[in-house]
>>> print(open('model16.tsv').read())   # TSV, C-alpha atoms and all ligand atoms
chain	number	residue	atom	x	y	z
A	1	MET	CA	0.00	0.00	0.00
A	2	HIS	CA	1.27	3.48	-0.91
A	3	TYR	CA	0.52	6.49	1.29
A	4	PHE	CA	1.09	10.14	0.45
A	5	ALA	CA	1.78	12.96	2.87
A	6	GLY	CA	1.01	16.65	2.76
A	7	ILE	CA	2.76	18.66	5.47
A	8	ASP	CA	1.63	22.26	5.90
A	9	ILE	CA	4.05	24.12	8.17
A	10	GLY	CA	2.15	27.27	9.06
A	11	SER	CA	3.19	30.19	11.24
A	12	THR	CA	0.98	28.91	14.05
A	13	THR	CA	0.27	25.23	13.44
A	14	ILE	CA	1.71	22.23	11.63
A	15	LYS	CA	-0.90	20.22	9.75
A	16	ILE	CA	-0.23	16.75	8.36
A	17	VAL	CA	-2.54	14.76	6.11
A	18	LEU	CA	-1.99	11.23	4.82
A	19	THR	CA	-3.95	9.90	1.87
A	20	ASP	CA	-4.04	6.52	0.23
A	21	GLU	CA	-3.79	5.70	-3.47
A	22	LYS	CA	-7.46	6.50	-3.95
A	23	GLU	CA	-7.08	10.04	-2.55
A	24	LEU	CA	-8.90	9.01	0.61
A	25	LEU	CA	-7.85	10.97	3.68
A	26	VAL	CA	-6.58	8.32	6.08
A	27	ALA	CA	-5.07	10.51	8.81
A	28	ASP	CA	-4.89	14.14	9.81
A	29	TYR	CA	-2.92	15.81	12.56
A	30	VAL	CA	-2.60	19.37	13.91
A	31	CYS	CA	-0.09	20.67	16.46
A	32	PRO	CA	1.51	24.02	17.32
A	33	THR	CA	4.48	25.07	15.18
A	34	GLY	CA	6.40	26.62	18.06
A	35	SER	CA	9.84	28.07	17.53
A	36	HIS	CA	11.60	24.90	16.31
A	37	PHE	CA	9.90	24.36	12.95
A	38	HIS	CA	12.00	21.43	11.83
A	39	LYS	CA	12.17	19.54	15.12
A	40	HIS	CA	8.42	19.86	15.69
A	41	THR	CA	7.58	18.80	12.14
A	42	VAL	CA	9.76	15.68	12.41
A	43	ALA	CA	8.12	14.81	15.76
A	44	ALA	CA	4.63	15.45	14.38
A	45	PHE	CA	5.28	13.27	11.34
A	46	ASN	CA	6.55	10.40	13.51
A	47	ASP	CA	3.51	10.80	15.78
A	48	VAL	CA	0.97	10.64	13.00
A	49	LEU	CA	2.63	7.52	11.55
A	50	GLU	CA	2.73	5.82	14.92
A	51	GLN	CA	-0.86	6.72	15.83
A	52	ASN	CA	-2.11	5.29	12.55
A	53	ASP	CA	0.22	2.30	12.50
A	54	ILE	CA	1.76	3.30	9.17
A	55	SER	CA	5.39	2.57	8.44
A	56	LYS	CA	7.53	5.42	7.06
A	57	LYS	CA	8.65	3.24	4.16
A	58	ASN	CA	5.02	3.03	2.98
A	59	VAL	CA	4.83	6.81	2.62
A	60	SER	CA	5.84	7.00	-1.02
A	61	TYR	CA	5.90	10.76	-1.54
A	62	ILE	CA	5.87	13.80	0.72
A	63	PHE	CA	5.06	17.37	-0.30
A	64	SER	CA	5.65	20.17	2.18
A	65	THR	CA	3.86	23.48	1.97
A	66	GLY	CA	3.25	26.60	4.06
A	67	TYR	CA	5.44	29.22	5.61
A	68	GLY	CA	8.15	26.78	6.81
A	69	ARG	CA	8.02	24.35	3.85
A	70	LYS	CA	11.65	24.82	2.81
A	71	LEU	CA	12.91	23.86	6.25
A	72	PHE	CA	11.57	20.32	6.10
A	73	LYS	CA	14.31	18.72	4.02
A	74	GLU	CA	12.84	15.24	4.44
A	75	ALA	CA	10.05	16.16	1.98
A	76	ASP	CA	10.43	14.99	-1.63
A	77	ASP	CA	9.25	18.36	-2.89
A	78	SER	CA	7.50	21.52	-1.79
A	79	ILE	CA	4.76	23.75	-3.16
A	80	SER	CA	3.33	27.14	-2.23
A	81	GLU	CA	0.40	27.14	0.19
A	82	ILE	CA	-1.71	29.02	-2.36
A	83	SER	CA	-1.40	26.24	-4.97
A	84	ALA	CA	-1.89	23.47	-2.39
A	85	ASN	CA	-4.91	25.28	-0.95
A	86	ALA	CA	-6.49	25.53	-4.41
A	87	VAL	CA	-6.08	21.78	-4.99
A	88	GLY	CA	-7.40	20.80	-1.54
A	89	ALA	CA	-10.38	23.15	-1.69
A	90	GLY	CA	-11.28	22.04	-5.22
A	91	LYS	CA	-11.35	18.40	-4.16
A	92	ILE	CA	-13.22	18.92	-0.88
A	93	ALA	CA	-15.90	21.14	-2.44
A	94	ALA	CA	-16.27	19.07	-5.61
A	95	THR	CA	-19.77	17.93	-4.61
A	96	VAL	CA	-20.92	21.53	-4.06
A	97	GLY	CA	-19.52	23.00	-7.29
A	98	LYS	CA	-16.40	24.60	-8.71
A	99	VAL	CA	-14.73	26.82	-6.15
A	100	SER	CA	-14.45	30.36	-7.51
A	101	THR	CA	-12.81	32.01	-4.48
A	102	ILE	CA	-11.00	30.82	-1.37
A	103	ILE	CA	-10.90	32.95	1.76
A	104	ASN	CA	-8.03	31.63	3.87
A	105	ILE	CA	-7.37	33.01	7.32
A	106	GLY	CA	-4.30	31.61	9.03
A	107	GLY	CA	-2.40	32.46	12.16
A	108	GLN	CA	-0.66	35.45	10.62
A	109	ASP	CA	-2.22	36.08	7.27
A	110	LEU	CA	-5.42	36.62	5.39
A	111	LYS	CA	-5.62	35.62	1.73
A	112	ILE	CA	-8.25	35.84	-0.96
A	113	ILE	CA	-7.51	33.41	-3.80
A	114	SER	CA	-9.44	33.58	-7.02
A	115	LEU	CA	-9.64	30.37	-9.12
A	116	ASP	CA	-10.43	29.82	-12.79
A	117	ASN	CA	-12.84	27.19	-14.13
A	118	ASP	CA	-10.12	24.53	-14.06
A	119	GLY	CA	-9.40	25.19	-10.40
A	120	HIS	CA	-6.11	26.96	-11.11
A	121	VAL	CA	-5.05	30.09	-9.24
A	122	LYS	CA	-6.06	33.14	-11.27
A	123	ASN	CA	-5.26	35.91	-8.84
A	124	PHE	CA	-4.76	36.46	-5.15
A	125	ALA	CA	-4.59	39.22	-2.55
A	126	MET	CA	-2.97	39.08	0.85
A	127	ASN	CA	-3.02	41.30	3.93
A	128	ASP	CA	0.03	43.39	4.70
A	129	LYS	CA	2.35	42.46	7.53
A	130	CYS	CA	-0.07	43.66	10.19
A	131	ALA	CA	-1.94	41.03	12.25
A	132	ALA	CA	-5.35	42.66	11.79
A	133	GLY	CA	-7.89	40.21	10.41
A	134	THR	CA	-5.79	37.14	11.21
A	135	GLY	CA	-5.92	34.28	13.70
A	136	ARG	CA	-3.39	36.10	15.84
A	137	PHE	CA	-5.74	39.06	16.12
A	138	LEU	CA	-8.51	36.71	17.30
A	139	ASP	CA	-6.13	35.00	19.76
A	140	MET	CA	-5.15	38.33	21.29
A	141	MET	CA	-8.71	39.62	21.50
A	142	ALA	CA	-9.82	36.33	23.11
A	143	ARG	CA	-7.06	36.66	25.68
A	144	ASN	CA	-8.16	40.19	26.56
A	145	LEU	CA	-11.72	39.00	26.96
A	146	GLU	CA	-10.65	35.92	28.97
A	147	VAL	CA	-12.39	33.60	26.54
A	148	ASP	CA	-10.92	30.55	24.75
A	149	VAL	CA	-10.48	31.18	21.02
A	150	ASP	CA	-12.66	28.16	20.21
A	151	GLU	CA	-15.49	29.70	22.28
A	152	LEU	CA	-15.60	33.02	20.38
A	153	GLY	CA	-18.12	31.65	17.88
A	154	ASN	CA	-20.59	30.52	20.56
A	155	HIS	CA	-20.40	33.85	22.35
A	156	HIS	CA	-21.18	35.64	19.11
A	157	LEU	CA	-24.08	33.35	18.18
A	158	ASN	CA	-25.56	33.65	21.68
A	159	SER	CA	-25.33	37.44	21.78
A	160	THR	CA	-28.66	39.17	22.13
A	161	GLY	CA	-27.53	42.76	21.59
A	162	VAL	CA	-26.27	44.63	18.56
A	163	PRO	CA	-22.63	43.88	17.60
A	164	LEU	CA	-20.46	46.75	18.78
A	165	THR	CA	-18.37	48.68	16.31
A	166	ILE	CA	-14.64	48.11	16.69
A	167	ASN	CA	-12.94	50.98	14.90
A	168	SER	CA	-9.29	50.02	15.31
A	169	THR	CA	-7.86	47.52	12.88
A	170	CYS	CA	-4.43	47.68	14.52
A	171	THR	CA	-4.15	44.94	17.15
A	172	VAL	CA	-2.61	47.21	19.75
A	173	PHE	CA	-5.27	49.92	19.37
A	174	ALA	CA	-8.05	47.32	19.17
A	175	GLU	CA	-6.86	45.89	22.50
A	176	SER	CA	-7.18	49.30	24.18
A	177	GLU	CA	-10.56	49.84	22.52
A	178	ILE	CA	-11.83	46.52	23.88
A	179	ILE	CA	-10.50	47.19	27.35
A	180	GLY	CA	-12.32	50.56	27.19
A	181	LEU	CA	-15.58	48.89	26.09
A	182	LEU	CA	-15.34	46.33	28.91
A	183	ALA	CA	-14.66	49.09	31.43
A	184	GLY	CA	-17.70	50.95	30.08
A	185	GLY	CA	-19.92	47.92	30.84
A	186	SER	CA	-20.37	46.57	27.29
A	187	GLY	CA	-21.22	42.88	27.01
A	188	LYS	CA	-18.49	40.41	25.98
A	189	ALA	CA	-20.74	38.76	23.40
A	190	GLU	CA	-21.48	42.04	21.64
A	191	ILE	CA	-17.78	42.96	21.67
A	192	ILE	CA	-16.90	39.55	20.18
A	193	ALA	CA	-19.54	39.93	17.46
A	194	GLY	CA	-18.07	43.38	16.75
A	195	ILE	CA	-14.57	41.88	16.42
A	196	HIS	CA	-15.90	39.31	13.93
A	197	TYR	CA	-17.62	42.01	11.87
A	198	SER	CA	-14.43	44.10	11.84
A	199	ILE	CA	-12.53	41.10	10.38
A	200	ALA	CA	-15.38	40.39	7.95
A	201	LYS	CA	-15.23	43.99	6.69
A	202	ARG	CA	-11.51	43.55	6.11
A	203	VAL	CA	-12.19	40.35	4.17
A	204	ALA	CA	-14.77	42.18	2.03
A	205	ARG	CA	-12.33	45.03	1.35
A	206	LEU	CA	-9.50	42.67	0.39
A	207	SER	CA	-11.90	40.67	-1.81
A	208	LYS	CA	-12.47	43.71	-4.00
A	209	ARG	CA	-8.81	43.48	-5.05
A	210	VAL	CA	-9.31	40.11	-6.77
A	211	GLY	CA	-12.47	41.06	-8.66
A	212	SER	CA	-15.68	39.05	-8.77
A	213	LEU	CA	-15.97	36.38	-6.07
A	214	GLY	CA	-18.18	34.07	-8.14
A	215	ASP	CA	-20.77	31.61	-6.81
A	216	VAL	CA	-18.72	29.19	-4.71
A	217	ILE	CA	-16.76	30.87	-1.94
A	218	PHE	CA	-14.76	28.44	0.20
A	219	PHE	CA	-13.55	29.53	3.64
A	220	ASP	CA	-10.67	27.70	5.34
A	221	GLY	CA	-7.82	28.00	7.84
A	222	GLY	CA	-8.19	27.67	11.63
A	223	PRO	CA	-10.48	30.70	12.13
A	224	ALA	CA	-13.03	29.12	9.76
A	225	MET	CA	-13.92	26.88	12.74
A	226	ASN	CA	-15.42	30.01	14.32
A	227	GLN	CA	-19.13	30.00	13.39
A	228	GLY	CA	-19.57	33.61	14.48
A	229	LEU	CA	-16.87	34.73	12.06
A	230	VAL	CA	-18.48	32.62	9.31
A	231	GLN	CA	-21.79	34.38	9.89
A	232	ALA	CA	-20.17	37.82	9.92
A	233	ILE	CA	-18.38	37.14	6.61
A	234	GLU	CA	-21.59	35.84	5.01
A	235	ASP	CA	-23.38	39.01	6.16
A	236	GLU	CA	-20.68	41.31	4.81
A	237	LEU	CA	-20.37	39.52	1.47
A	238	MET	CA	-24.14	39.00	1.32
A	239	GLN	CA	-23.48	35.48	0.13
A	240	LYS	CA	-23.41	31.96	1.62
A	241	ILE	CA	-19.92	30.51	1.98
A	242	VAL	CA	-18.78	26.88	2.01
A	243	VAL	CA	-16.90	25.81	5.15
A	244	PRO	CA	-15.44	22.30	5.13
A	245	GLU	CA	-15.76	19.98	8.11
A	246	LYS	CA	-12.03	20.37	8.93
A	247	PRO	CA	-11.06	23.79	7.56
A	248	GLN	CA	-7.56	23.80	9.05
A	249	ILE	CA	-6.26	20.90	6.96
A	250	THR	CA	-7.37	21.80	3.41
A	251	THR	CA	-3.91	22.96	2.33
A	252	ALA	CA	-2.16	19.88	3.77
A	253	TYR	CA	-4.74	17.70	2.02
A	254	GLY	CA	-4.03	19.53	-1.26
A	255	ALA	CA	-0.30	18.91	-0.79
A	256	ALA	CA	-0.96	15.19	-0.17
A	257	LEU	CA	-3.05	15.01	-3.36
A	258	ILE	CA	-0.22	16.67	-5.31
A	259	ALA	CA	2.25	14.18	-3.74
A	260	ARG	CA	0.07	11.29	-4.90
A	261	GLU	CA	-0.27	12.63	-8.42
A	262	THR	CA	3.47	13.35	-8.72
A	263	PHE	CA	4.37	9.88	-7.50
A	264	LEU	CA	1.92	8.14	-9.82
A	265	TYR	CA	3.17	10.19	-12.81
A	266	GLU	CA	6.77	9.30	-12.05
A	267	ASP	CA	5.73	5.70	-11.55
A	268	GLY	CA	3.92	5.74	-14.90
A	269	SER	CA	0.66	4.50	-13.37
A	270	TYR	CA	-1.26	7.78	-13.17
A	271	VAL	CA	-4.79	7.63	-14.56
A	272	ASP	CA	-6.72	10.88	-14.45
A	273	GLY	CA	-10.17	10.84	-12.83
A	301	LIG	P1	-1.40	28.77	10.06
A	301	LIG	O1	-1.69	27.79	8.94
A	301	LIG	O2	-1.08	30.14	9.57
A	301	LIG	O3	-0.38	28.24	11.03
A	301	LIG	P2	-4.07	28.06	11.08
A	301	LIG	O4	-4.83	27.94	9.80
A	301	LIG	O5	-3.72	26.80	11.78
A	301	LIG	O6	-2.76	28.96	10.89
A	301	LIG	O7	-4.92	29.02	12.04
A	301	LIG	C1	-4.50	29.29	13.35
A	301	LIG	C2	-5.56	30.14	14.00
A	301	LIG	O8	-6.80	29.43	14.03
A	301	LIG	C3	-5.28	30.43	15.47
A	301	LIG	O9	-4.47	31.58	15.59
A	301	LIG	C4	-6.68	30.60	16.05
A	301	LIG	O10	-7.06	31.98	16.01
A	301	LIG	C5	-7.59	29.85	15.10
A	301	LIG	N1	-8.17	28.65	15.72
A	301	LIG	C6	-7.50	27.51	16.06
A	301	LIG	N2	-8.35	26.59	16.58
A	301	LIG	C7	-9.58	27.17	16.58
A	301	LIG	C8	-10.88	26.73	16.98
A	301	LIG	N3	-11.09	25.51	17.50
A	301	LIG	N4	-11.91	27.59	16.83
A	301	LIG	C9	-11.72	28.82	16.30
A	301	LIG	N5	-10.53	29.29	15.90
A	301	LIG	C10	-9.46	28.48	16.02
>>> encode(input="model16.tsv", output="structure tokens", more="lines below")
Ligand code: ADP
Amino acid sequence: MHYFAGIDIGSTTIKIVLTDEKELLVADYVCPTGSHFHKHTVAAFNDVLEQNDISKKNVSYIFSTGYGRKLFKEADDSISEISANAVGAGKIAATVGKVSTIINIGGQDLKIISLDNDGHVKNFAMNDKCAAGTGRFLDMMARNLEVDVDELGNHHLNSTGVPLTINSTCTVFAESEIIGLLAGGSGKAEIIAGIHYSIAKRVARLSKRVGSLGDVIFFDGGPAMNQGLVQAIEDELMQKIVVPEKPQITTAYGAALIARETFLYEDGSYVDG
């Protein structure tokens, strides 16, 4: 049996996906990247193999992707996270339709990727170096509000008041603004909803740079697990968006699919479809 690995070394988390010859996802794994990219990736890869009782020699091809992809020398090849994301999203959403746009929010970036009819990257826009609108922004706001990041969505959806307006996009100023709102007696849930709408407005603004979003908008990356943020983005774009069951691993899955295809081509046994 051949297995194929996609390893997405992001700024915040390492994601590993293993697929079999039939493109079936057989294992997925997420852990923090930390400061030792290489050491943690090697440990994570060994863990996922051990947990799934798969021998390293049966992993026929490995593609790394993401921010730290070049540091994992054990990979057979590497690919940009934008290309791997496009492949993963296209496959996951195949039953819904052809993905026209991907919104990807990671730990430190926000990307809007526009795809053509064949699922290839047509255009993309990315936030500047600032953390506004990223997972890090959400992490810091959650810390200020003494709420776990995975609880932000529930707070938002359970809020009964009007979402508050958060004017500052800069993380540092937004922190002071939130502390001010809390001191003024504003409710946490309404502040959280306001934070989500401020990110959603940023997404909508960045989207304008890539042109028309088309009919199938796919949202992935860790913050796509936040249902409040999903709702805020749908409201701002005035369109339903597709969120996969495991939005954090789409790019790693795409890299694993590319690993499989590359191996089968080299092996001479690739059959499309
Ligand atoms: P990267 O690929 O850039 O390392 P990820 O796509 O893994 O980043 O996203 C990391 C971010 O996802 C975190 O900073 C956090 O804000 C968010 N996140 C992680 N887990 C959850 C969760 N269970 N619910 C909501 N948000 C989450």
>>> closest_residue(input="model16.tsv", among="A:Arg69, A:Ala256, A:Val149, A:Ser269", to="Val26 of chain A", atoms="only C-alpha atoms")
A:Ala256
>>> residues_near_ligand(input="model16.tsv", ligand="ligand LIG 301 (chain A)", cutoff="8 Å", atoms="all atoms listed in the file", output="PyMOL selection string")
chain A and resi 8-15+30+32-33+66-67+104-109+134-139+149-153+220-226+247-249
>>> closest_residue(input="model16.tsv", among="A:Asp28, A:Asp116, A:Asp235, A:Glu74", to="Val216 of chain A", atoms="only C-alpha atoms")
A:Asp116
>>> residues_around(input="model16.tsv", residues="segment 189-195 of chain A", least_positions_apart="2", cutoff="9 Å", atoms="all atoms listed in the file", output="PyMOL selection string")
chain A and resi 138+141-142+145+152-166+174+178+181-182+186-187+197-200+228-229+232
>>> atom_distance(input="model16.tsv", atom1="atom CA of Ser78 of chain A", atom2="atom CA of Thr65 of chain A")
5.6 Å
>>> closest_residue(input="model16.tsv", among="A:Ala93, A:Ile54, A:Val121, A:Ile102", to="Met1 of chain A", atoms="all atoms listed in the file")
A:Ile54
>>> closest_residue(input="model16.tsv", among="A:Gly68, A:Gly214, A:Gly97, A:Pro244", to="Val230 of chain A", atoms="all atoms listed in the file")
A:Pro244
>>> residues_around(input="model16.tsv", residues="segment 257-259 of chain A", least_positions_apart="4", cutoff="7 Å", atoms="only C-alpha atoms", output="ChimeraX atom specification")
/A:4-5,23,61-63,253,263
>>> write_last_selection(input="model16.tsv", atoms="C-alpha atoms", output="mmCIF file, in the frame of the given file")
data_model
loop_
_atom_site.group_PDB
_atom_site.id
_atom_site.type_symbol
_atom_site.label_atom_id
_atom_site.label_comp_id
_atom_site.auth_asym_id
_atom_site.auth_seq_id
_atom_site.Cartn_x
_atom_site.Cartn_y
_atom_site.Cartn_z
ATOM 1 C CA PHE A 4 1.090 10.140 0.450
ATOM 2 C CA ALA A 5 1.780 12.960 2.870
ATOM 3 C CA GLU A 23 -7.080 10.040 -2.550
ATOM 4 C CA TYR A 61 5.900 10.760 -1.540
ATOM 5 C CA ILE A 62 5.870 13.800 0.720
ATOM 6 C CA PHE A 63 5.060 17.370 -0.300
ATOM 7 C CA TYR A 253 -4.740 17.700 2.020
ATOM 8 C CA PHE A 263 4.370 9.880 -7.500
#
>>> atom_distance(input="model16.tsv", atom1="atom CA of Thr169 of chain A", atom2="atom CA of Ala252 of chain A")
29.7 Å
